[in-house]
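File shown: coords-v1.pdb (PDB, C-alpha atoms and all ligand atoms).
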MODEL        1
ATOM      1  CA  MET W   1     119.222 -77.548 -65.439
ATOM      2  CA  VAL W   2     118.236 -77.566 -69.100
ATOM      3  CA  VAL W   3     116.652 -80.785 -70.335
ATOM      4  CA  ARG W   4     116.696 -81.234 -74.106
ATOM      5  CA  ASP W   5     117.250 -84.978 -74.526
ATOM      6  CA  PRO W   6     113.931 -86.338 -75.870
ATOM      7  CA  GLU W   7     113.905 -89.419 -73.656
ATOM      8  CA  LEU W   8     114.686 -87.469 -70.505
ATOM      9  CA  ARG W   9     112.132 -84.811 -71.386
ATOM     10  CA  ALA W  10     109.493 -87.465 -71.968
ATOM     11  CA  ALA W  11     110.265 -89.068 -68.617
ATOM     12  CA  VAL W  12     110.027 -85.741 -66.772
ATOM     13  CA  ALA W  13     106.859 -84.701 -68.604
ATOM     14  CA  GLY W  14     105.401 -88.135 -67.852
ATOM     15  CA  ILE W  15     105.942 -87.642 -64.125
ATOM     16  CA  TYR W  16     104.425 -84.163 -64.296
ATOM     17  CA  SER W  17     101.348 -85.592 -66.028
ATOM     18  CA  GLU W  18     100.989 -88.406 -63.537
ATOM     19  CA  VAL W  19     101.042 -85.928 -60.651
ATOM     20  CA  TYR W  20      98.773 -83.477 -62.439
ATOM     21  CA  LEU W  21      96.184 -85.969 -63.632
ATOM     22  CA  GLY W  22      96.532 -88.553 -60.880
ATOM     23  CA  SER W  23      96.716 -86.349 -57.784
ATOM     24  CA  TYR W  24      95.906 -82.750 -58.578
ATOM     25  CA  ARG W  25      93.215 -82.857 -61.281
ATOM     26  CA  GLU W  26      91.006 -85.112 -59.172
ATOM     27  CA  SER W  27      91.600 -83.284 -55.886
ATOM     28  CA  ALA W  28      89.355 -80.779 -54.127
ATOM     29  CA  GLY W  29      92.124 -78.226 -54.629
ATOM     30  CA  TYR W  30      91.965 -78.371 -58.446
ATOM     31  CA  LEU W  31      91.562 -74.829 -59.703
ATOM     32  CA  GLY W  32      88.554 -75.739 -61.829
ATOM     33  CA  ARG W  33      86.744 -77.049 -58.752
ATOM     34  CA  VAL W  34      87.434 -74.495 -56.027
ATOM     35  CA  GLU W  35      84.969 -71.657 -55.570
ATOM     36  CA  ALA W  36      86.053 -68.326 -56.969
ATOM     37  CA  LYS W  37      84.857 -64.741 -56.973
ATOM     38  CA  ASP W  38      85.270 -64.720 -60.738
ATOM     39  CA  PRO W  39      84.336 -68.234 -61.953
ATOM     40  CA  ASP W  40      84.935 -67.416 -65.638
ATOM     41  CA  THR W  41      88.527 -66.398 -65.044
ATOM     42  CA  GLN W  42      88.982 -69.352 -62.720
ATOM     43  CA  GLN W  43      87.777 -71.812 -65.382
ATOM     44  CA  LYS W  44      89.968 -70.161 -67.991
ATOM     45  CA  THR W  45      92.995 -70.535 -65.720
ATOM     46  CA  ALA W  46      92.096 -74.181 -65.062
ATOM     47  CA  ARG W  47      91.861 -74.841 -68.803
ATOM     48  CA  SER W  48      95.231 -73.180 -69.242
ATOM     49  CA  ALA W  49      96.785 -75.455 -66.586
ATOM     50  CA  ASP W  50      95.172 -78.475 -68.283
ATOM     51  CA  ALA W  51      96.662 -77.358 -71.602
ATOM     52  CA  LEU W  52     100.092 -76.944 -70.026
ATOM     53  CA  GLU W  53     100.031 -80.569 -68.876
ATOM     54  CA  ARG W  54      99.478 -81.657 -72.486
ATOM     55  CA  ALA W  55     101.941 -79.154 -73.965
ATOM     56  CA  LEU W  56     104.768 -80.184 -71.687
ATOM     57  CA  HIS W  57     105.116 -83.346 -73.778
ATOM     58  CA  GLU W  58     105.623 -81.311 -76.945
ATOM     59  CA  VAL W  59     108.164 -78.675 -75.953
ATOM     60  CA  GLY W  60     111.782 -79.161 -76.958
ATOM     61  CA  THR W  61     113.233 -77.803 -73.732
ATOM     62  CA  ILE W  62     112.315 -78.128 -70.076
ATOM     63  CA  VAL W  63     114.187 -75.982 -67.565
ATOM     64  CA  ILE W  64     114.406 -76.931 -63.901
ATOM     65  CA  ALA W  65     115.670 -74.237 -61.529
ATOM     66  CA  CYS W  66     117.712 -75.729 -58.714
ATOM     67  CA  LEU W  67     119.081 -74.530 -55.430
ATOM     68  CA  ASP W  68     122.525 -76.076 -55.128
ATOM     69  CA  GLY W  69     123.753 -76.696 -51.602
ATOM     70  CA  LEU W  70     120.923 -77.890 -49.412
ATOM     71  CA  ARG W  71     117.422 -79.291 -49.252
ATOM     72  CA  LEU W  72     114.611 -77.225 -47.824
ATOM     73  CA  ASP W  73     112.542 -80.050 -46.330
ATOM     74  CA  GLY W  74     111.949 -79.113 -42.696
ATOM     75  CA  THR W  75     114.219 -76.063 -42.933
ATOM     76  CA  PRO W  76     113.282 -73.091 -40.683
ATOM     77  CA  ALA W  77     111.572 -70.166 -42.408
ATOM     78  CA  LEU W  78     114.621 -67.930 -42.054
ATOM     79  CA  ALA W  79     116.803 -70.334 -43.992
ATOM     80  CA  SER W  80     114.066 -71.304 -46.489
ATOM     81  CA  ALA W  81     113.184 -67.720 -47.320
ATOM     82  CA  SER W  82     116.818 -66.698 -47.526
ATOM     83  CA  MET W  83     117.881 -69.574 -49.730
ATOM     84  CA  LEU W  84     114.817 -69.371 -51.990
ATOM     85  CA  GLY W  85     115.466 -65.651 -52.278
ATOM     86  CA  GLY W  86     118.699 -66.533 -54.007
ATOM     87  CA  VAL W  87     117.162 -68.648 -56.721
ATOM     88  CA  LEU W  88     113.557 -67.604 -57.377
ATOM     89  CA  PRO W  89     114.326 -64.035 -58.533
ATOM     90  CA  ALA W  90     116.964 -65.465 -60.875
ATOM     91  CA  THR W  91     114.379 -67.870 -62.277
ATOM     92  CA  TRP W  92     111.938 -65.033 -62.823
ATOM     93  CA  SER W  93     114.665 -62.958 -64.514
ATOM     94  CA  PHE W  94     115.327 -65.904 -66.797
ATOM     95  CA  MET W  95     111.624 -66.040 -67.680
ATOM     96  CA  LEU W  96     111.535 -62.322 -68.461
ATOM     97  CA  ALA W  97     114.653 -62.640 -70.596
ATOM     98  CA  ALA W  98     113.038 -65.534 -72.467
ATOM     99  CA  ARG W  99     109.898 -63.471 -72.994
ATOM    100  CA  ALA W 100     111.957 -60.634 -74.458
ATOM    101  CA  ARG W 101     113.196 -63.140 -77.048
ATOM    102  CA  GLY W 102     109.755 -64.444 -78.009
ATOM    103  CA  LEU W 103     109.963 -67.525 -75.792
ATOM    104  CA  GLY W 104     107.236 -68.533 -73.362
ATOM    105  CA  THR W 105     107.603 -70.114 -69.935
ATOM    106  CA  ALA W 106     105.244 -71.229 -67.165
ATOM    107  CA  TRP W 107     106.124 -71.500 -63.502
ATOM    108  CA  THR W 108     105.323 -74.944 -62.147
ATOM    109  CA  THR W 109     106.158 -76.871 -59.001
ATOM    110  CA  MET W 110     103.848 -79.859 -59.323
ATOM    111  CA  HIS W 111     106.570 -82.351 -60.192
ATOM    112  CA  LEU W 112     108.094 -81.767 -56.737
ATOM    113  CA  ALA W 113     105.551 -84.268 -55.424
ATOM    114  CA  ARG W 114     107.914 -86.761 -57.083
ATOM    115  CA  GLU W 115     111.087 -84.715 -57.036
ATOM    116  CA  ARG W 116     113.279 -87.635 -56.042
ATOM    117  CA  GLU W 117     112.335 -89.598 -59.166
ATOM    118  CA  VAL W 118     113.073 -86.617 -61.385
ATOM    119  CA  ALA W 119     116.398 -86.218 -59.582
ATOM    120  CA  GLU W 120     117.218 -89.844 -60.320
ATOM    121  CA  ILE W 121     116.285 -89.530 -63.985
ATOM    122  CA  LEU W 122     118.465 -86.447 -64.432
ATOM    123  CA  GLY W 123     121.285 -87.426 -62.093
ATOM    124  CA  ILE W 124     120.613 -84.507 -59.744
ATOM    125  CA  PRO W 125     122.088 -85.179 -56.267
ATOM    126  CA  PHE W 126     118.823 -85.171 -54.316
ATOM    127  CA  ASP W 127     120.402 -84.787 -50.863
ATOM    128  CA  THR W 128     122.137 -81.503 -51.646
ATOM    129  CA  VAL W 129     120.211 -79.997 -54.554
ATOM    130  CA  GLN W 130     116.679 -78.680 -54.151
ATOM    131  CA  GLN W 131     114.585 -78.344 -57.304
ATOM    132  CA  VAL W 132     112.395 -75.266 -57.017
ATOM    133  CA  CYS W 133     110.668 -74.652 -60.338
ATOM    134  CA  LEU W 134     110.052 -76.463 -63.607
ATOM    135  CA  THR W 135     109.198 -74.573 -66.753
ATOM    136  CA  PRO W 136     108.798 -75.401 -70.395
ATOM    137  CA  LEU W 137     110.763 -73.138 -72.719
ATOM    138  CA  ALA W 138     109.388 -72.725 -76.216
ATOM    139  CA  TYR W 139     108.432 -70.142 -78.777
ATOM    140  CA  THR W 140     104.893 -69.015 -78.153
ATOM    141  CA  VAL W 141     102.084 -69.656 -80.613
ATOM    142  CA  GLY W 142     101.180 -66.097 -81.488
ATOM    143  CA  GLU W 143     102.212 -62.909 -79.796
ATOM    144  CA  LYS W 144      98.860 -61.607 -78.668
ATOM    145  CA  PHE W 145      98.999 -61.319 -74.902
ATOM    146  CA  SER W 146      96.990 -59.173 -72.566
ATOM    147  CA  PRO W 147      97.411 -58.315 -68.901
ATOM    148  CA  ALA W 148      95.960 -60.804 -66.425
ATOM    149  CA  LYS W 149      93.129 -59.587 -64.210
ATOM    150  CA  ARG W 150      94.519 -58.442 -60.867
ATOM    151  CA  PRO W 151      92.910 -56.991 -57.742
ATOM    152  CA  ALA W 152      93.286 -53.228 -57.424
ATOM    153  CA  PRO W 153      96.491 -52.401 -55.502
ATOM    154  CA  ASP W 154      94.505 -50.907 -52.653
ATOM    155  CA  GLU W 155      92.753 -54.233 -52.106
ATOM    156  CA  VAL W 156      96.001 -55.970 -51.234
ATOM    157  CA  ILE W 157      98.398 -53.339 -49.871
ATOM    158  CA  HIS W 158      98.462 -53.016 -46.082
ATOM    159  CA  TRP W 159      99.528 -49.615 -44.790
ATOM    160  CA  ASP W 160     101.403 -49.444 -41.467
ATOM    161  CA  ARG W 161      99.297 -52.144 -39.799
ATOM    162  CA  TRP W 162      97.816 -55.386 -41.085
ATOM    163  CA  ASP W 163      94.261 -54.647 -42.126
ATOM    164  CA  THR W 164      91.974 -57.648 -41.673
ATOM    165  CA  GLY W 165      89.419 -55.940 -43.914
ATOM    166  CA  LYS W 166      91.685 -56.458 -46.944
ATOM    167  CA  LEU W 167      91.469 -59.361 -49.359
ATOM    168  CA  ALA W 168      92.663 -62.517 -47.655
ATOM    169  CA  ALA W 169      94.361 -65.312 -49.546
ATOM    170  CA  PRO W 170      92.231 -68.447 -49.869
ATOM    171  CA  PRO W 171      93.248 -71.319 -47.591
ATOM    172  CA  VAL W 172      96.034 -73.471 -48.987
ATOM    173  CA  THR W 173      94.696 -76.813 -50.160
ATOM    174  CA  GLY W 174      95.815 -79.602 -52.393
ATOM    175  CA  ILE W 175      98.924 -81.577 -53.088
ATOM    176  CA  ALA W 176     101.326 -78.985 -51.656
ATOM    177  CA  LEU W 177     100.207 -79.883 -48.145
ATOM    178  CA  PRO W 178     102.198 -82.662 -46.482
ATOM    179  CA  SER W 179      99.055 -84.353 -45.153
ATOM    180  CA  SER W 180      97.686 -84.877 -48.655
ATOM    181  CA  SER W 181     100.932 -85.723 -50.425
TER     182      SER W 181
HETATM  183  C1  LIG W 201     104.953 -71.146 -56.980
HETATM  184  C2  LIG W 201     104.045 -71.449 -58.139
HETATM  185  C3  LIG W 201     103.866 -72.763 -58.526
HETATM  186  C4  LIG W 201     103.027 -73.076 -59.609
HETATM  187  N1  LIG W 201     102.885 -74.382 -59.996
HETATM  188  C5  LIG W 201     102.105 -74.671 -61.048
HETATM  189  C6  LIG W 201     102.005 -76.006 -61.524
HETATM  190  O1  LIG W 201     102.632 -76.915 -61.005
HETATM  191  N2  LIG W 201     101.215 -76.226 -62.583
HETATM  192  C7  LIG W 201     100.511 -75.217 -63.210
HETATM  193  O2  LIG W 201      99.803 -75.493 -64.166
HETATM  194  N3  LIG W 201     100.607 -73.950 -62.781
HETATM  195  C8  LIG W 201     101.381 -73.656 -61.742
HETATM  196  N4  LIG W 201     101.499 -72.359 -61.323
HETATM  197  C9  LIG W 201     100.687 -71.301 -61.956
HETATM  198  C10 LIG W 201     101.163 -70.831 -63.282
HETATM  199  O3  LIG W 201     102.468 -70.929 -63.637
HETATM  200  C11 LIG W 201     100.588 -69.444 -63.586
HETATM  201  O4  LIG W 201     100.265 -69.453 -64.906
HETATM  202  C12 LIG W 201     101.506 -68.302 -63.281
HETATM  203  O5  LIG W 201     101.752 -68.272 -61.900
HETATM  204  C13 LIG W 201     100.928 -66.943 -63.791
HETATM  205  O6  LIG W 201      99.689 -66.694 -63.266
HETATM  206  P1  LIG W 201      99.482 -65.801 -61.952
HETATM  207  O7  LIG W 201     100.455 -64.685 -62.042
HETATM  208  O8  LIG W 201      98.063 -65.387 -62.042
HETATM  209  O9  LIG W 201      99.750 -66.691 -60.751
HETATM  210  C14 LIG W 201     102.338 -72.038 -60.275
HETATM  211  C15 LIG W 201     102.539 -70.717 -59.880
HETATM  212  C16 LIG W 201     103.378 -70.422 -58.834
HETATM  213  C17 LIG W 201     103.575 -68.976 -58.452
ENDMDL
END
For this file, produce the structure as structure tokens.
Ligand SMILES: Cc1cc2nc3c(=O)[nH]c(=O)nc-3n(C[C@H](O)[C@H](O)[C@H](O)COP(=O)(O)O)c2cc1C
Amino acid sequence: MVVRDPELRAAVAGIYSEVYLGSYRESAGYLGRVEAKDPDTQQKTARSADALERALHEVGTIVIACLDGLRLDGTPALASASMLGGVLPATWSFMLAARARGLGTAWTTMHLAREREVAEILGIPFDTVQQVCLTPLAYTVGEKFSPAKRPAPDEVIHWDRWDTGKLAAPPVTGIALPSSS
């Protein structure tokens, strides 16, 4: 779903901001607050997320990737993974294609805390269409990008058996958890 209408965009961006500033930014799960191995990078990423919240109000196009056919609330992992597997790679391909044309994107899911309201604003049939990703689409300011810092492959690849000595993902916290939504 491609949202270009200024009023609709403003309404969607407004909801994103309310979730970001009202629920996420103040929560213990906010990126700028959680402990990190590399605090500098963590703070930089937090500032980038803060900037995205502001920028979303300025971009001319917001794209919302949707899974048409069912909702995933309470769906077993087999169905969730299978259905998401049909739409998330396509979304990523879209982002890469945009990048190849000088356009920037940013994967976000925060608005899903109020997905139903966004569905109502855009006329998306909530009961049968699952929104999965929201991204701005806009020409980037500048072209100077550098690779993000990543752990060395050997820190995260498990060979033959799960190795508990490898890097473990931090516990999931924040607004994505049903108990805190
Ligand atoms: C599933 C998913 C949901 C995300 N949701 C948000 C979001 O709502 N707001 C935000 O600022 N960043 C969000 N991000 C993070 C950014 O889009 C991030 O810049 C992007 O994932 C690239 O950084 P990374 O590869 O280090 O994760 C999300 C990332 C993922 C993978």
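When all atoms listed in the file are used to compute distances to ligand LIG 201 (chain W), the closest of the residues W:Val141, W:Leu21, W:Leu78, W:Val34 turns out to be W:Leu21.
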### Task
May I ask you to write as a PyMOL selection string all residues lying at most 12 Å from ligand LIG 201 (chain W), with all atoms listed in the file counted?
chain W and resi 13+15-21+23-25+30-32+41-42+44-56+84+88-89+91-92+95+104-114+132-136+147-151+174-176
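Proximity of W:Tyr139, W:Val59, W:Ala81, W:Leu8 to Ala100 (chain W), computed with all atoms listed in the file, is greatest for W:Tyr139.
Using all atoms listed in the file, the protein and nucleic acid residues lying no more than 12 Å from Met83 (chain W), apart from those fewer than 5 places from it along its own chain, are Cys66, Leu67, Asp68, Gly69, Leu70, Arg71, Leu72, Thr75, Pro76, Ala77, Leu78, Leu88, Pro89, Ala90, Val129, Gln130 and Val132 of chain W.
Across the model, the gap from CA of Asp73 (chain W) to CA of Gly123 (chain W) is 19.5 Å.
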### Message
Could you tell me how far CA of Val12 (chain W) sits from CA of Gly102 (chain W), in Å to one decimal place?
### Response
24.1 Å
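CA of Val63 (chain W) is positioned 24.2 Å from CA of Leu177 (chain W).
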Around all of region 43-53 of chain W's listed atoms, make the axis-aligned box with 3 Å on each side and tell me centre and edge lengths in Å to one decimal, as lines of an AutoDock Vina configuration file.
center_x = 93.9
center_y = -75.4
center_z = -68.3
size_x = 18.3
size_y = 16.4
size_z = 12.5
Dump as a CSV table (one decimal) with C-alpha atoms, keeping the file's coordinate frame all residues having an atom at most 12 Å from (112.2, -85.3, -78.3), computed in the file's coordinates with all atoms listed in the file.
chain,number,residue,atom,x,y,z
W,3,VAL,CA,116.7,-80.8,-70.3
W,4,ARG,CA,116.7,-81.2,-74.1
W,5,ASP,CA,117.2,-85.0,-74.5
W,6,PRO,CA,113.9,-86.3,-75.9
W,7,GLU,CA,113.9,-89.4,-73.7
W,8,LEU,CA,114.7,-87.5,-70.5
W,9,ARG,CA,112.1,-84.8,-71.4
W,10,ALA,CA,109.5,-87.5,-72.0
W,11,ALA,CA,110.3,-89.1,-68.6
W,12,VAL,CA,110.0,-85.7,-66.8
W,13,ALA,CA,106.9,-84.7,-68.6
W,56,LEU,CA,104.8,-80.2,-71.7
W,57,HIS,CA,105.1,-83.3,-73.8
W,58,GLU,CA,105.6,-81.3,-76.9
W,59,VAL,CA,108.2,-78.7,-76.0
W,60,GLY,CA,111.8,-79.2,-77.0
W,61,THR,CA,113.2,-77.8,-73.7
W,62,ILE,CA,112.3,-78.1,-70.1
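Comparing the minimum interatomic distances between Val2 (chain W) and each of W:Ala79, W:Ile124, W:Ala28, W:Leu167, counting all atoms listed in the file, we find that W:Ile124 sits nearest.
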### Query
Of the candidates W:Met1, W:Ala36, W:Ala97, W:Leu103, which shows the shortest atom-to-atom distance to Pro170 (chain W), using only C-alpha atoms?
W:Ala36
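For the choices W:Ala65, W:Asp163, W:Glu143, W:Gln43, the atom-to-atom distance to Arg101 (chain W) is smallest for W:Glu143 when using all atoms listed in the file.
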Atom completion result for region 7-40 of chain W (N, CA and C atoms) as a PDB file, keeping the file's coordinate frame:
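Okay, rebuild13.pdb is ready:
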ATOM      1  N   GLU W   7     114.323 -88.361 -74.595  1.00  0.00           N
ATOM      2  CA  GLU W   7     113.905 -89.419 -73.656  1.00  0.00           C
ATOM      3  C   GLU W   7     113.776 -88.884 -72.236  1.00  0.00           C
ATOM      4  N   LEU W   8     114.727 -88.049 -71.856  1.00  0.00           N
ATOM      5  CA  LEU W   8     114.686 -87.469 -70.505  1.00  0.00           C
ATOM      6  C   LEU W   8     113.486 -86.531 -70.366  1.00  0.00           C
ATOM      7  N   ARG W   9     113.281 -85.734 -71.403  1.00  0.00           N
ATOM      8  CA  ARG W   9     112.132 -84.811 -71.386  1.00  0.00           C
ATOM      9  C   ARG W   9     110.827 -85.583 -71.237  1.00  0.00           C
ATOM     10  N   ALA W  10     110.724 -86.663 -72.013  1.00  0.00           N
ATOM     11  CA  ALA W  10     109.493 -87.465 -71.968  1.00  0.00           C
ATOM     12  C   ALA W  10     109.288 -88.049 -70.578  1.00  0.00           C
ATOM     13  N   ALA W  11     110.386 -88.481 -69.960  1.00  0.00           N
ATOM     14  CA  ALA W  11     110.265 -89.068 -68.617  1.00  0.00           C
ATOM     15  C   ALA W  11     109.812 -88.014 -67.608  1.00  0.00           C
ATOM     16  N   VAL W  12     110.389 -86.820 -67.713  1.00  0.00           N
ATOM     17  CA  VAL W  12     110.027 -85.741 -66.772  1.00  0.00           C
ATOM     18  C   VAL W  12     108.580 -85.300 -67.017  1.00  0.00           C
ATOM     19  N   ALA W  13     108.236 -85.116 -68.277  1.00  0.00           N
ATOM     20  CA  ALA W  13     106.859 -84.701 -68.604  1.00  0.00           C
ATOM     21  C   ALA W  13     105.872 -85.778 -68.161  1.00  0.00           C
ATOM     22  N   GLY W  14     106.273 -87.028 -68.269  1.00  0.00           N
ATOM     23  CA  GLY W  14     105.401 -88.135 -67.852  1.00  0.00           C
ATOM     24  C   GLY W  14     105.112 -88.059 -66.356  1.00  0.00           C
ATOM     25  N   ILE W  15     106.138 -87.760 -65.580  1.00  0.00           N
ATOM     26  CA  ILE W  15     105.942 -87.642 -64.125  1.00  0.00           C
ATOM     27  C   ILE W  15     105.037 -86.451 -63.823  1.00  0.00           C
ATOM     28  N   TYR W  16     105.283 -85.341 -64.509  1.00  0.00           N
ATOM     29  CA  TYR W  16     104.425 -84.163 -64.296  1.00  0.00           C
ATOM     30  C   TYR W  16     102.963 -84.545 -64.557  1.00  0.00           C
ATOM     31  N   SER W  17     102.720 -85.222 -65.670  1.00  0.00           N
ATOM     32  CA  SER W  17     101.348 -85.592 -66.028  1.00  0.00           C
ATOM     33  C   SER W  17     100.732 -86.525 -65.006  1.00  0.00           C
ATOM     34  N   GLU W  18     101.535 -87.470 -64.531  1.00  0.00           N
ATOM     35  CA  GLU W  18     100.989 -88.406 -63.537  1.00  0.00           C
ATOM     36  C   GLU W  18     100.572 -87.672 -62.270  1.00  0.00           C
ATOM     37  N   VAL W  19     101.394 -86.701 -61.849  1.00  0.00           N
ATOM     38  CA  VAL W  19     101.042 -85.928 -60.651  1.00  0.00           C
ATOM     39  C   VAL W  19      99.817 -85.067 -60.952  1.00  0.00           C
ATOM     40  N   TYR W  20      99.861 -84.406 -62.102  1.00  0.00           N
ATOM     41  CA  TYR W  20      98.773 -83.477 -62.439  1.00  0.00           C
ATOM     42  C   TYR W  20      97.435 -84.213 -62.556  1.00  0.00           C
ATOM     43  N   LEU W  21      97.446 -85.270 -63.364  1.00  0.00           N
ATOM     44  CA  LEU W  21      96.184 -85.969 -63.632  1.00  0.00           C
ATOM     45  C   LEU W  21      95.803 -86.902 -62.493  1.00  0.00           C
ATOM     46  N   GLY W  22      96.811 -87.539 -61.897  1.00  0.00           N
ATOM     47  CA  GLY W  22      96.532 -88.553 -60.880  1.00  0.00           C
ATOM     48  C   GLY W  22      96.227 -87.969 -59.515  1.00  0.00           C
ATOM     49  N   SER W  23      96.913 -86.890 -59.133  1.00  0.00           N
ATOM     50  CA  SER W  23      96.716 -86.349 -57.784  1.00  0.00           C
ATOM     51  C   SER W  23      95.959 -85.027 -57.817  1.00  0.00           C
ATOM     52  N   TYR W  24      96.435 -84.112 -58.653  1.00  0.00           N
ATOM     53  CA  TYR W  24      95.906 -82.750 -58.578  1.00  0.00           C
ATOM     54  C   TYR W  24      94.544 -82.592 -59.251  1.00  0.00           C
ATOM     55  N   ARG W  25      94.424 -83.100 -60.476  1.00  0.00           N
ATOM     56  CA  ARG W  25      93.215 -82.857 -61.281  1.00  0.00           C
ATOM     57  C   ARG W  25      91.967 -83.404 -60.607  1.00  0.00           C
ATOM     58  N   GLU W  26      92.157 -84.472 -59.834  1.00  0.00           N
ATOM     59  CA  GLU W  26      91.006 -85.112 -59.172  1.00  0.00           C
ATOM     60  C   GLU W  26      90.778 -84.577 -57.761  1.00  0.00           C
ATOM     61  N   SER W  27      91.684 -83.717 -57.287  1.00  0.00           N
ATOM     62  CA  SER W  27      91.600 -83.284 -55.886  1.00  0.00           C
ATOM     63  C   SER W  27      90.620 -82.133 -55.710  1.00  0.00           C
ATOM     64  N   ALA W  28      90.259 -81.893 -54.440  1.00  0.00           N
ATOM     65  CA  ALA W  28      89.355 -80.779 -54.127  1.00  0.00           C
ATOM     66  C   ALA W  28      90.050 -79.446 -54.393  1.00  0.00           C
ATOM     67  N   GLY W  29      91.377 -79.463 -54.427  1.00  0.00           N
ATOM     68  CA  GLY W  29      92.124 -78.226 -54.629  1.00  0.00           C
ATOM     69  C   GLY W  29      92.292 -77.835 -56.085  1.00  0.00           C
ATOM     70  N   TYR W  30      91.833 -78.682 -57.004  1.00  0.00           N
ATOM     71  CA  TYR W  30      91.965 -78.371 -58.446  1.00  0.00           C
ATOM     72  C   TYR W  30      91.289 -77.034 -58.736  1.00  0.00           C
ATOM     73  N   LEU W  31      92.010 -76.195 -59.433  1.00  0.00           N
ATOM     74  CA  LEU W  31      91.562 -74.829 -59.703  1.00  0.00           C
ATOM     75  C   LEU W  31      90.161 -74.770 -60.319  1.00  0.00           C
ATOM     76  N   GLY W  32      89.856 -75.733 -61.159  1.00  0.00           N
ATOM     77  CA  GLY W  32      88.554 -75.739 -61.829  1.00  0.00           C
ATOM     78  C   GLY W  32      87.417 -76.156 -60.908  1.00  0.00           C
ATOM     79  N   ARG W  33      87.764 -76.547 -59.672  1.00  0.00           N
ATOM     80  CA  ARG W  33      86.744 -77.049 -58.752  1.00  0.00           C
ATOM     81  C   ARG W  33      86.530 -76.106 -57.571  1.00  0.00           C
ATOM     82  N   VAL W  34      87.586 -75.358 -57.206  1.00  0.00           N
ATOM     83  CA  VAL W  34      87.434 -74.495 -56.027  1.00  0.00           C
ATOM     84  C   VAL W  34      86.574 -73.285 -56.375  1.00  0.00           C
ATOM     85  N   GLU W  35      85.855 -72.808 -55.359  1.00  0.00           N
ATOM     86  CA  GLU W  35      84.969 -71.657 -55.570  1.00  0.00           C
ATOM     87  C   GLU W  35      85.794 -70.399 -55.805  1.00  0.00           C
ATOM     88  N   ALA W  36      85.310 -69.549 -56.683  1.00  0.00           N
ATOM     89  CA  ALA W  36      86.053 -68.326 -56.969  1.00  0.00           C
ATOM     90  C   ALA W  36      85.105 -67.155 -57.105  1.00  0.00           C
ATOM     91  N   LYS W  37      85.655 -65.958 -56.832  1.00  0.00           N
ATOM     92  CA  LYS W  37      84.857 -64.741 -56.973  1.00  0.00           C
ATOM     93  C   LYS W  37      84.512 -64.509 -58.443  1.00  0.00           C
ATOM     94  N   ASP W  38      85.444 -64.924 -59.299  1.00  0.00           N
ATOM     95  CA  ASP W  38      85.270 -64.720 -60.738  1.00  0.00           C
ATOM     96  C   ASP W  38      85.383 -66.091 -61.429  1.00  0.00           C
ATOM     97  N   PRO W  39      84.274 -66.863 -61.447  1.00  0.00           N
ATOM     98  CA  PRO W  39      84.336 -68.234 -61.953  1.00  0.00           C
ATOM     99  C   PRO W  39      84.818 -68.330 -63.402  1.00  0.00           C
ATOM    100  N   ASP W  40      84.502 -67.351 -64.237  1.00  0.00           N
ATOM    101  CA  ASP W  40      84.935 -67.416 -65.638  1.00  0.00           C
ATOM    102  C   ASP W  40      86.455 -67.419 -65.746  1.00  0.00           C
TER     103      ASP W  40
END
